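Trainee: First the structure, then my questions, so here it is.
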Amino acid sequence: MEEMEEELKCPVCGSFYREPIILPCSHNLCQACARNILVQTPESESPQSRRASGSAVSDYDYLDLDKMSLYSEADSGYGSYGGFASAPTTPCQKSPNGVRVFPPAAPPPPAALAPPPPPRNACLTCPQCHRSLVLDERGLRGFPRNRLLEGVIDRYQQGRAAALRCQLCEKAPKEAAVMCEQCDVFYCDPCRLRCHPPRGPLAKHRLVPPAQGRVSRRLSPRKISTCTDHELENHSMYCVQCKSPVCYQCLEEGKHSSHEVKALGAMWKLHKSQLSQALNGLSDRAKEAKEFLVQLRNMVQQIQENSVEFEACLVAQCDALIDALNRRKAQLLSRVNKEHEHKLKVVRDQISHCTVKLRQTTGLMEYCLEVIKENDPSGFLQISDALIRRVHLTEDQWGKGTLTPRMTTDFDLNLDNAPLLQSIHQLDFVQMKVSSPVPAPPILQLEECCTHNNSATLSWKQPPLSTVQVEGYILELDDGNGGQFREVYVGKETMCTVDGLHFNSTYSARVKAFNKTGVSPYSKTLVLQTSEDTQSEEQTLPFPVPLERSQLRRMSPFSSTLNLQPSFPGRSYFELRSSAHQLSLHSSLQSLNSAGCNFETQGTPYSQLVAWFSFDPASAHADIIFSNDNLTVTCNSYDDRVVLGKTGFSKGLHYWELSIDRYDNHPDPAFGVARIDVLKDAMLGKDDKAWAMYVDNNRSWFMHNNSHTNRTEGGITKGATVGVLLDLTRRTLTFSINEDQQGPVAFENLEGLFFPAVSLNRNVQVTLHTGLPVPEFYASRSAMP
């Protein structure tokens, strides 16, 4: 029953309906509330007069009512409209249900001062559907009274009333259990057994619950609904065309002479039956909704259980990795210990050998000194030659590397942990269930491929029998000289025209398809030959083209214009995404020239230089972690660290985006541009070498030289996209979040060489997307004269 309460409340006052009336739009209003929101309009301004004069009028005439001036009244929350456009205005008030209610008009000026008022009509705007209704001479009495709604409200309020007490208890009346309709008395159970036994004449009395007894006791006799046009006549018939009850006098006056009229009782039963059938269908929907809610609640429980199970599995997997690492650690420590013991053994052996030899040498030296002290020449000469030989021999033995250590103190072991650290940093979730296989290789349609001057048009299609869904295609061309293939188009189209190629050159082209599962193999390679000069005649390639290449004459480096038809479909990269616990793969478009080369797009009202670049590991802080071909970065420190892009800009219009792959604990990453010598161990913008916007989950600020300006509401979350637009033609820097400009133009009067820059900590991971067209908010502004 509590869910029904909103159906029983007036949309103006927010309370239960009092004397409700039914509007022609089938909505209800309290009679007093309807009287409060009446509008008095000149007869010439009524909807009927405007329709008669041919003016276009909508059912939402309340929009016109807003143009009328209003007078305030301090002591009333409700009132009627008053005044005209020349009167001072007062804002409208709102009811508890959010409906606009206007204060009543101020007292009119004295009759002597005011001109005679023009004829006026009463107009009422339904606060629910906003349909304007013009009242006739009967006013609100022309709307029927909703007595059925009154009865429902009365029963609802009676059901919510406090419990009734027994009328026969002498002390502390107990709660009534029943009511006798014949005796009109409320009884508790003891009093009923004592005073109203179920035998004799009392056995025929009807006992009902207390609430039902009070309703039947207090409800006045049912009032017969009377005709709104003839108050003394009761409704007896029902007009099918007008969809309203009528009386016999209405039929006699001929108002419904040509209408189909049926008996009121029969139509009452018919509509009750129709409402019951409609309720059956709605009841089925409500039952389905309840079952769906049960299913969602079960999903919550299942998600929690799966989360616990998945966390346990993850912990087990990580523990297994840790155990494997500990085992490998023990093995490596064993090798270190063996090396340690080997070094000690060699050094100790050398010490022992040198000690023995030194003892022998010392003994020989002492013996020779004692021989020299003797004064017997003949005896000395007998042994001197032998002693001299022994001394020289011993000296020679010490000179043959004996005094050089056989082992160094350094350990000749260097642990190569870089691949393992990289693998740990790249450790992530992969797709657990493959929804569909990878696409088949596309087929190049040779009859539609052609060259014209220095342009090449290629067309392809999926194999006829392939049923695998394809999300897009990747077209690749070489450099015209047998070099490496580069991506020139990524999108859903199956035809692409590449302009700006060299004349008199031979290019190789191939295409592959991709979807969420992966990338297909390449198609067969197609060889294209551009024209020898700038003749306008279209040249269609004869197929097959011989694979032998003639001597190519390189006129100049690649043309400075690259035009792809159709153009990039909103992004110059593609994404391979799947459900939870999966990786994202971004493949940025590569230019046909060397890395960092710029191309100028055509067909736009502004001159944009499109550049493809990645982050630069060489100039980044040591705590920055790179992945995804240096397009994705994060950090292993809680402090902010700076990373720059590989390409610097000094002129032109450039735009790139950074997608937020991970955002934990509400950090403040910063995005912008910087000089090459910017501080790498502080937030971007702390020094005078960077111009940045740092942003959290609620708002953003611009910062340069540690000066914070232009706080703007609106932050980032996981999955958001931050855009950086550097316009060195106008010397400005502008930022956007999710393709909407964030704040005003951030910085002006920029000159010099600027590198794309980001500062972040370990709570953030971003991916760089380059080669993008200028966003719409800036393109439209650039197109303005």
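Within each chain, counting starts at residue 1; across the structure tokens, chains are named A, B, ... in the order shown, with ligands numbered 1 upward in that order.
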Could you name the residues that touch Leu207 in chain A at 12 Å or less, counting only C-alpha atoms, but leaving out those on the same chain fewer than 6 positions away, as a list of chain:residue names?

Mentor: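 Those residues are A:Ala176, A:Ala177, A:Val178, A:Met179, A:Cys180, A:Glu181, A:Gln182, A:Cys183, A:Asp184, A:Val185, A:Phe186, A:Tyr187, A:Cys188, A:Asp189, A:Arg192, A:His196, A:Pro197, A:Pro198, A:Gly213.
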
Trainee: Got a sec: who's within 8 Å of range 255-265 of chain A, counting only C-alpha atoms, leaving out chain neighbours fewer than 5 positions off, as a ChimeraX atom specification?

Mentor: /A:235-241,245,250

Trainee: Can you write just those residues out, N, CA and C atoms, as a tab-separated table (two decimals), in the first residue's frame?

Mentor:
```tsv
chain	number	residue	atom	x	y	z
A	235	HIS	N	-25.96	10.83	-13.29
A	235	HIS	CA	-25.46	10.19	-14.50
A	235	HIS	C	-26.17	8.85	-14.70
A	236	SER	N	-26.66	8.64	-15.88
A	236	SER	CA	-27.36	7.40	-16.17
A	236	SER	C	-26.89	6.73	-17.44
A	237	MET	N	-26.22	7.47	-18.32
A	237	MET	CA	-25.74	6.94	-19.59
A	237	MET	C	-24.26	7.31	-19.77
A	238	TYR	N	-23.66	6.72	-20.81
A	238	TYR	CA	-22.23	6.97	-21.08
A	238	TYR	C	-22.08	7.25	-22.57
A	239	CYS	N	-21.48	8.43	-22.89
A	239	CYS	CA	-21.23	8.81	-24.29
A	239	CYS	C	-19.89	8.24	-24.71
A	240	VAL	N	-19.89	7.38	-25.73
A	240	VAL	CA	-18.67	6.71	-26.18
A	240	VAL	C	-17.72	7.70	-26.83
A	241	GLN	N	-18.28	8.66	-27.67
A	241	GLN	CA	-17.42	9.62	-28.35
A	241	GLN	C	-16.76	10.59	-27.37
A	245	PRO	N	-19.63	10.26	-18.61
A	245	PRO	CA	-21.02	9.97	-18.24
A	245	PRO	C	-21.91	11.17	-18.53
A	250	CYS	N	-29.06	15.88	-20.68
A	250	CYS	CA	-28.06	16.14	-21.73
A	250	CYS	C	-28.48	15.53	-23.04
```

Trainee: Which is closest to Cys449 in chain A among A:Val498, A:Leu726, A:Val642, A:Leu750, if we use only C-alpha atoms?

Mentor: A:Val498

Trainee: Quick one: contact table of range 369-477 of chain A to range 346-351 of chain A, 12 Å max, nearest atom pair and distance in Å to one decimal per residue, counting only C-alpha atoms, chain and number order, as CSV?

Mentor:
```
residue,atom,partner,partner_atom,distance
A:Gly401,CA,A:Gln350,CA,11.5
A:Thr402,CA,A:Gln350,CA,8.8
A:Leu403,CA,A:Gln350,CA,9.4
A:Thr404,CA,A:Gln350,CA,9.7
A:Pro405,CA,A:Val347,CA,7.4
A:Arg406,CA,A:Val347,CA,6.9
A:Met407,CA,A:Val347,CA,6.5
A:Thr408,CA,A:Val347,CA,9.1
A:Thr409,CA,A:Val347,CA,9.7
```

Trainee: Could those selected residues go to a file with N, CA, C and O atoms, as a PDB file, in the first residue's frame?

Mentor:
```pdb
ATOM      1  N   GLY A 401     105.629 -14.408 -12.098  1.00  0.00           N
ATOM      2  CA  GLY A 401     104.215 -14.233 -11.776  1.00  0.00           C
ATOM      3  C   GLY A 401     103.819 -14.782 -10.452  1.00  0.00           C
ATOM      4  O   GLY A 401     102.617 -14.877 -10.135  1.00  0.00           O
ATOM      5  N   THR A 402     104.860 -15.139  -9.669  1.00  0.00           N
ATOM      6  CA  THR A 402     104.532 -15.714  -8.372  1.00  0.00           C
ATOM      7  C   THR A 402     103.893 -14.689  -7.461  1.00  0.00           C
ATOM      8  O   THR A 402     103.045 -15.020  -6.624  1.00  0.00           O
ATOM      9  N   LEU A 403     104.241 -13.423  -7.596  1.00  0.00           N
ATOM     10  CA  LEU A 403     103.718 -12.358  -6.756  1.00  0.00           C
ATOM     11  C   LEU A 403     102.451 -11.714  -7.332  1.00  0.00           C
ATOM     12  O   LEU A 403     102.053 -10.643  -6.886  1.00  0.00           O
ATOM     13  N   THR A 404     101.856 -12.341  -8.298  1.00  0.00           N
ATOM     14  CA  THR A 404     100.585 -11.864  -8.876  1.00  0.00           C
ATOM     15  C   THR A 404      99.447 -12.729  -8.354  1.00  0.00           C
ATOM     16  O   THR A 404      99.540 -13.968  -8.424  1.00  0.00           O
ATOM     17  N   PRO A 405      98.345 -12.107  -7.812  1.00  0.00           N
ATOM     18  CA  PRO A 405      97.232 -12.926  -7.295  1.00  0.00           C
ATOM     19  C   PRO A 405      96.610 -13.761  -8.406  1.00  0.00           C
ATOM     20  O   PRO A 405      96.414 -13.311  -9.523  1.00  0.00           O
ATOM     21  N   ARG A 406      96.391 -15.018  -8.083  1.00  0.00           N
ATOM     22  CA  ARG A 406      95.765 -15.900  -9.056  1.00  0.00           C
ATOM     23  C   ARG A 406      94.241 -15.673  -9.170  1.00  0.00           C
ATOM     24  O   ARG A 406      93.627 -16.200 -10.101  1.00  0.00           O
ATOM     25  N   MET A 407      93.633 -14.918  -8.270  1.00  0.00           N
ATOM     26  CA  MET A 407      92.183 -14.707  -8.250  1.00  0.00           C
ATOM     27  C   MET A 407      91.901 -13.253  -7.878  1.00  0.00           C
ATOM     28  O   MET A 407      92.588 -12.688  -7.021  1.00  0.00           O
ATOM     29  N   THR A 408      90.906 -12.669  -8.556  1.00  0.00           N
ATOM     30  CA  THR A 408      90.496 -11.297  -8.236  1.00  0.00           C
ATOM     31  C   THR A 408      89.470 -11.324  -7.113  1.00  0.00           C
ATOM     32  O   THR A 408      88.796 -12.325  -6.862  1.00  0.00           O
ATOM     33  N   THR A 409      89.349 -10.209  -6.446  1.00  0.00           N
ATOM     34  CA  THR A 409      88.347 -10.103  -5.376  1.00  0.00           C
ATOM     35  C   THR A 409      86.941  -9.894  -5.911  1.00  0.00           C
ATOM     36  O   THR A 409      85.961 -10.098  -5.178  1.00  0.00           O
TER      37      THR A 409
END
```

Trainee: With distances taken over only C-alpha atoms, which of A:Thr717, A:Phe735, A:Pro775, A:Lys646 is nearest to Asn763 in chain A?

Mentor: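 Of all the options, A:Thr717 lies closest to Asn763 in chain A.
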
Trainee: CA of Val678 in chain A and CA of Phe747 in chain A are how many Å apart?

Mentor: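 Distance between the two atoms: 17.3 Å.
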
Trainee: Which is closer to Asn706 in chain A than all the others in A:Leu387, A:Leu684, A:Ala289, A:Val519, using only C-alpha atoms?

Mentor: A:Leu684

Trainee: Have a look at CA of Arg141 in chain A and CA of Ile153 in chain A and let me know their distance in Å, one decimal.

Mentor: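 Result for CA of Arg141 in chain A versus CA of Ile153 in chain A: 21.6 Å, one decimal.
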
Trainee: Just the number, please: distance in Å from CA of Asn417 in chain A to CA of Leu344 in chain A, one decimal.

Mentor: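 CA of Leu344 in chain A lies 27.1 Å from CA of Asn417 in chain A.
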
Trainee: Could you check which of A:Val308, A:Ala513, A:Leu415, A:Leu421 is closest to Lys329 in chain A, using only C-alpha atoms?

Mentor: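 Counting only C-alpha atoms, the residue closest to Lys329 in chain A is A:Leu415.
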